[in-house]
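Notes follow once the structure below has been shown.
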Amino acid sequence: MKNLKKVTLFILCMIMTVTAVLSFSSCKKAEKYEIVVACQSEDAEKSVLTLLKAEYEKKNPEVQITIKSFTGKDFENYMLGIAQNRKGSPHIIWTSDSYHVRWDKYFVDLRPYYEASEETYYDNYYTSMLHTAATNGEFKPTKNYKGTWNGELDTADGHEQYGSQSEFGIYYAPRDYNKPAVICNLALFDMLDKQYAKYFGAPEKTTTQRLNEIVAGTDWDDIDDLFTFAKIVAERINAIVDKATEKIENGDFTSDDVDAESFWKVKTALDLKLSWEPSYMTILTALGVDNVVKSDGSLNVQENQAILQSLHDKLYAVNRLCYSDVDDTNFGSGYTMMKVVSRPVIMAYAEKFESLYAEYDSTLQTIKIPTRAIAAGNSGYAINNYYANQKAKSKFGQKGYLDLCWDFIKFIITKDGQEVAGASGSNIPVLKSLYDKNSNGGKEPAWRQVASMQGMNHNAWVEGEELKQDWFNIYEATLRDGLKSKFESFFRSFQKQNYNEGSLSALILNLEDAWPSDYEDYLKK
């Protein structure tokens, strides 16, 4: 009997020990709340999110942020994978004005979260940025909103109904304010000036001198200024190539002439990034097109043939422009003198350019688009509604995933996170107070001081009025992709210089084919 008791006691002890070990192991695995964030793998994007993650975890040691990445081109495939298998999908997903409309049924309407705290009331943000995050290009507060709002309210039940889809919802939280600016390769400008002077003598004004005037704001307020400057750069590149080629063909050449010919013949003056809506919207608006997309949803290009003819003449008088499918393909490899970019990317290029142009102390400069009205976009973070009713467990207890995710997003879009992102040198804040010198004792806002470096001209992004943003999402997502493709094809036709006056109508008709015949009916839905 004693032996039986001993055996029973031993077995009980073993069970208790195993249970304790398993419990300890379980606690260990759930030591922190984990939030998985999927983001674009682009260096600038991932580096900013990594900084935000580190700062947030410092303030919230009970939370672990895990970053997963996908390439920008793979966003659609990534979301298709989530749609097919939502189990194990990320809690937060990076998206942008270009992508979200097609997928917003997988995202949580964030309006109740914005409305729950004065820190995130709508008037803290650029309204146009919030509009881009709505399905139809226009958000409306819920009827529960306690802040100031002069427009209409969404009469749905608000907090009780945030899980359902609304055409006026905010399906991702914009983190940054993306406006076109021009980034310049100073090393190439300096090389161009020296090479040109060698063959033709110093001009009255070098390209670098003109660039310095532009940064200082001298005589740079019309879109024609950009085209004129690009043409001067292109003509000097052509002159060098022609001179070097002539010397080689005449047999009166040195190795320097051979090097000059091979080096400059592959260089381009400007990449306008014309497949990106804010770029072509800004340029066409500056030229006088009264919005490419009219209020009824139709395209407004047929009646603007004269403007398009003028654009062709300005852009391709000298064929030294390029289109790159990836942002840094040409500029980052040292082939393009100037490139339109959507946000500060100097940090992403600086290290690479240091090795490309080791003899130059300064290799980058940014200049603003020379027009007051500048279109803008953004990117930000959406909450995966698969987790709408799920709880996260840790040694700290249980929390709803939605609240955990919003707390991280709230950090990103309010002062502390916006300062971190702005100071990275890769983001322009979407929070209006961070542009106000009065909020920093009359000094430049802190994020601009921290991010300041040679070549970082923040005014290139923060100056200029906003264009109306409603055109972003007034059409179905599949149509938007088609329209972008049509515009790129349209401008490529210009570049090939196979355009003539008789074919312009055909080009425009081809562009207008991006719209379905029943588009007005779609708008009424």
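Within each chain, counting starts at residue 1; across the structure tokens, chains are named A, B, ... in the order shown, with ligands numbered 1 upward in that order.
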
Segment 256-266 of chain A surroundings by only C-alpha atoms, 12 Å radius, close-in-sequence under 5 positions cut, as a tab-separated table (two decimals) with N, CA and C atoms, in the first residue's frame:
chain	number	residue	atom	x	y	z
A	188	LEU	N	26.93	65.00	-61.13
A	188	LEU	CA	26.81	65.02	-62.59
A	188	LEU	C	26.75	66.45	-63.13
A	189	PHE	N	26.08	67.34	-62.40
A	189	PHE	CA	26.04	68.74	-62.84
A	189	PHE	C	27.46	69.32	-62.88
A	191	MET	N	30.30	67.64	-63.18
A	191	MET	CA	31.02	66.98	-64.28
A	191	MET	C	30.62	67.58	-65.62
A	192	LEU	N	29.32	67.83	-65.79
A	192	LEU	CA	28.83	68.42	-67.04
A	192	LEU	C	29.44	69.79	-67.28
A	194	LYS	N	32.28	71.03	-66.13
A	194	LYS	CA	33.72	70.94	-66.43
A	194	LYS	C	33.96	70.42	-67.85
A	195	GLN	N	33.16	69.41	-68.24
A	195	GLN	CA	33.33	68.84	-69.58
A	195	GLN	C	32.93	69.84	-70.65
A	196	TYR	N	31.84	70.55	-70.42
A	196	TYR	CA	31.37	71.54	-71.39
A	196	TYR	C	32.39	72.67	-71.54
A	198	LYS	N	35.53	72.48	-71.05
A	198	LYS	CA	36.73	71.96	-71.72
A	198	LYS	C	36.59	72.04	-73.24
A	199	TYR	N	35.39	71.73	-73.74
A	199	TYR	CA	35.16	71.73	-75.18
A	199	TYR	C	34.78	73.10	-75.74
A	233	VAL	N	20.17	71.73	-69.92
A	233	VAL	CA	21.01	70.59	-69.50
A	233	VAL	C	21.14	69.59	-70.65
A	234	ALA	N	19.99	69.26	-71.27
A	234	ALA	CA	19.99	68.27	-72.36
A	234	ALA	C	20.83	68.75	-73.55
A	235	GLU	N	20.72	70.03	-73.89
A	235	GLU	CA	21.48	70.56	-75.03
A	235	GLU	C	22.98	70.50	-74.76
A	236	ARG	N	23.38	70.74	-73.52
A	236	ARG	CA	24.81	70.68	-73.21
A	236	ARG	C	25.32	69.24	-73.22
A	237	ILE	N	24.49	68.31	-72.80
A	237	ILE	CA	24.88	66.89	-72.91
A	237	ILE	C	25.05	66.53	-74.38
A	238	ASN	N	24.09	66.91	-75.21
A	238	ASN	CA	24.17	66.61	-76.64
A	238	ASN	C	25.38	67.25	-77.30
A	239	ALA	N	25.67	68.49	-76.88
A	239	ALA	CA	26.81	69.19	-77.48
A	239	ALA	C	28.12	68.46	-77.17
A	240	ILE	N	28.26	67.96	-75.94
A	240	ILE	CA	29.46	67.22	-75.55
A	240	ILE	C	29.58	65.93	-76.36
A	241	VAL	N	28.46	65.19	-76.45
A	241	VAL	CA	28.48	63.92	-77.19
A	241	VAL	C	28.81	64.17	-78.66
A	242	ASP	N	28.19	65.20	-79.25
A	242	ASP	CA	28.45	65.51	-80.67
A	242	ASP	C	29.91	65.89	-80.90
A	243	LYS	N	30.46	66.70	-79.99
A	243	LYS	CA	31.85	67.15	-80.15
A	243	LYS	C	32.82	65.97	-80.02
A	244	ALA	N	32.59	65.14	-78.99
A	244	ALA	CA	33.48	63.98	-78.79
A	244	ALA	C	33.37	63.02	-79.97
A	245	THR	N	32.16	62.80	-80.47
A	245	THR	CA	31.95	61.90	-81.61
A	245	THR	C	32.65	62.44	-82.86
A	246	GLU	N	32.53	63.75	-83.07
A	246	GLU	CA	33.18	64.38	-84.23
A	246	GLU	C	34.69	64.19	-84.18
A	247	LYS	N	35.29	64.37	-83.01
A	247	LYS	CA	36.74	64.22	-82.89
A	247	LYS	C	37.16	62.78	-83.14
A	248	ILE	N	36.35	61.83	-82.65
A	248	ILE	CA	36.67	60.42	-82.85
A	248	ILE	C	36.57	60.06	-84.33
A	249	GLU	N	35.51	60.53	-84.98
A	249	GLU	CA	35.32	60.22	-86.41
A	249	GLU	C	36.41	60.85	-87.27
A	250	ASN	N	36.93	62.00	-86.85
A	250	ASN	CA	38.00	62.67	-87.61
A	250	ASN	C	39.38	62.14	-87.28
A	251	GLY	N	39.44	61.24	-86.33
A	251	GLY	CA	40.74	60.67	-85.94
A	251	GLY	C	41.57	61.60	-85.09
A	319	ASN	N	15.47	65.19	-76.99
A	319	ASN	CA	15.03	63.90	-76.45
A	319	ASN	C	16.04	63.36	-75.44
A	320	ARG	N	16.01	63.95	-74.27
A	320	ARG	CA	16.92	63.52	-73.21
A	320	ARG	C	16.13	63.24	-71.92
A	321	LEU	N	14.99	62.58	-72.06
A	321	LEU	CA	14.21	62.22	-70.89
A	321	LEU	C	14.10	60.70	-70.81
A	322	CYS	N	13.83	60.21	-69.62
A	322	CYS	CA	13.69	58.76	-69.46
A	322	CYS	C	12.51	58.46	-68.55
A	330	ASN	N	17.22	54.62	-62.83
A	330	ASN	CA	18.10	55.50	-63.61
A	330	ASN	C	18.83	56.51	-62.73
A	333	SER	N	21.35	54.89	-60.29
A	333	SER	CA	22.51	54.29	-60.96
A	333	SER	C	23.40	55.34	-61.61
A	334	GLY	N	23.03	56.61	-61.48
A	334	GLY	CA	23.88	57.68	-61.97
A	334	GLY	C	23.70	58.02	-63.43
A	335	TYR	N	22.52	57.72	-64.01
A	335	TYR	CA	22.29	58.00	-65.42
A	335	TYR	C	21.41	59.22	-65.66
A	336	THR	N	20.67	59.65	-64.66
A	336	THR	CA	19.74	60.76	-64.82
A	336	THR	C	20.17	61.94	-63.97
A	337	MET	N	20.17	63.12	-64.56
A	337	MET	CA	20.59	64.33	-63.85
A	337	MET	C	19.56	64.76	-62.80

Self-check item: Backbone DSSP call of helix (DSSP H, G or I) for segment 253-454 of chain A, listed as a PyMOL selection string
Solution: chain A and resi 255-264+277-287+302-316+346-356+385-387+401-413+415-423+432-435+437-440+446-451

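For the pair atom CA of Leu402 of chain A and atom CA of Ile92 of chain A, the separation is 9.5 Å.
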
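Here atom CA of Ala348 of chain A stands at a distance of 28.4 Å from atom CA of Thr228 of chain A.
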
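The nearest approach to Tyr349 of chain A among the residues A:Gln302, A:Ser426, A:Thr207, A:Asn124, with only C-alpha atoms taken into account, belongs to A:Ser426.
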
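For the set A:Thr285, A:Thr208, A:Thr120, A:Ser452, the residue with the smallest atom-to-atom gap to Thr371 of chain A is A:Thr285, counting only C-alpha atoms.
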
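Proximity of A:Asn389, A:Thr142, A:Asn457, A:Asn178 to Asn212 of chain A, computed with only C-alpha atoms, is greatest for A:Asn457.
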
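Closest approach to Ala83 of chain A among A:Val430, A:Lys391, A:Asp193, A:Tyr386 is made by A:Tyr386 (distances from only C-alpha atoms).
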
Quiz prompt | Contact residues around Pro429 of chain A with only C-alpha atoms at 8 Å, ignoring same-chain residues under 3 positions, as a VMD selection string | solution = chain A and resid 175 to 177 418 to 419 421 to 422 432 434

Dump as a PDB file, in the first residue's frame, selection limited to C-alpha atoms:
ATOM      1  CA  ARG A 175       1.371  58.612 -42.285  1.00  0.00           C
ATOM      2  CA  ASP A 176       3.158  60.912 -44.726  1.00  0.00           C
ATOM      3  CA  TYR A 177       2.460  63.706 -47.171  1.00  0.00           C
ATOM      4  CA  GLN A 418       5.514  62.051 -36.804  1.00  0.00           C
ATOM      5  CA  GLU A 419       8.668  63.648 -35.367  1.00  0.00           C
ATOM      6  CA  ALA A 421       9.389  59.746 -39.247  1.00  0.00           C
ATOM      7  CA  GLY A 422      10.120  63.350 -40.229  1.00  0.00           C
ATOM      8  CA  LYS A 432      -0.282  70.079 -39.592  1.00  0.00           C
ATOM      9  CA  LEU A 434       4.615  70.076 -37.243  1.00  0.00           C
TER      10      LEU A 434
END

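Within the 7 Å cut-off around Met129 of chain A, using only C-alpha atoms and omitting residues fewer than 3 positions from it on the same chain, the listed residues are Tyr126, Thr132, Ala133, Pro174, Gly377 and Asn378 of chain A.
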
Suppose we keep N, CA and C atoms; can you now write the selection as an mmCIF file, in the first residue's frame?
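Saved result, again39.cif, follows:
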data_model
loop_
_atom_site.group_PDB
_atom_site.id
_atom_site.type_symbol
_atom_site.label_atom_id
_atom_site.label_comp_id
_atom_site.auth_asym_id
_atom_site.auth_seq_id
_atom_site.Cartn_x
_atom_site.Cartn_y
_atom_site.Cartn_z
ATOM 1 N N TYR A 126 -4.312 67.266 -42.783
ATOM 2 C CA TYR A 126 -4.748 67.820 -44.059
ATOM 3 C C TYR A 126 -5.960 67.006 -44.527
ATOM 4 N N THR A 132 -8.153 60.822 -49.376
ATOM 5 C CA THR A 132 -7.537 59.783 -50.217
ATOM 6 C C THR A 132 -7.679 58.408 -49.601
ATOM 7 N N ALA A 133 -7.898 58.342 -48.275
ATOM 8 C CA ALA A 133 -7.999 57.057 -47.586
ATOM 9 C C ALA A 133 -9.418 56.497 -47.590
ATOM 10 N N PRO A 174 -3.244 57.736 -43.092
ATOM 11 C CA PRO A 174 -2.099 58.328 -43.794
ATOM 12 C C PRO A 174 -0.991 58.720 -42.826
ATOM 13 N N GLY A 377 -0.107 62.883 -52.559
ATOM 14 C CA GLY A 377 -0.635 61.570 -52.180
ATOM 15 C C GLY A 377 -0.075 61.183 -50.822
ATOM 16 N N ASN A 378 -0.227 59.931 -50.452
ATOM 17 C CA ASN A 378 0.314 59.488 -49.166
ATOM 18 C C ASN A 378 0.339 57.970 -49.100
#
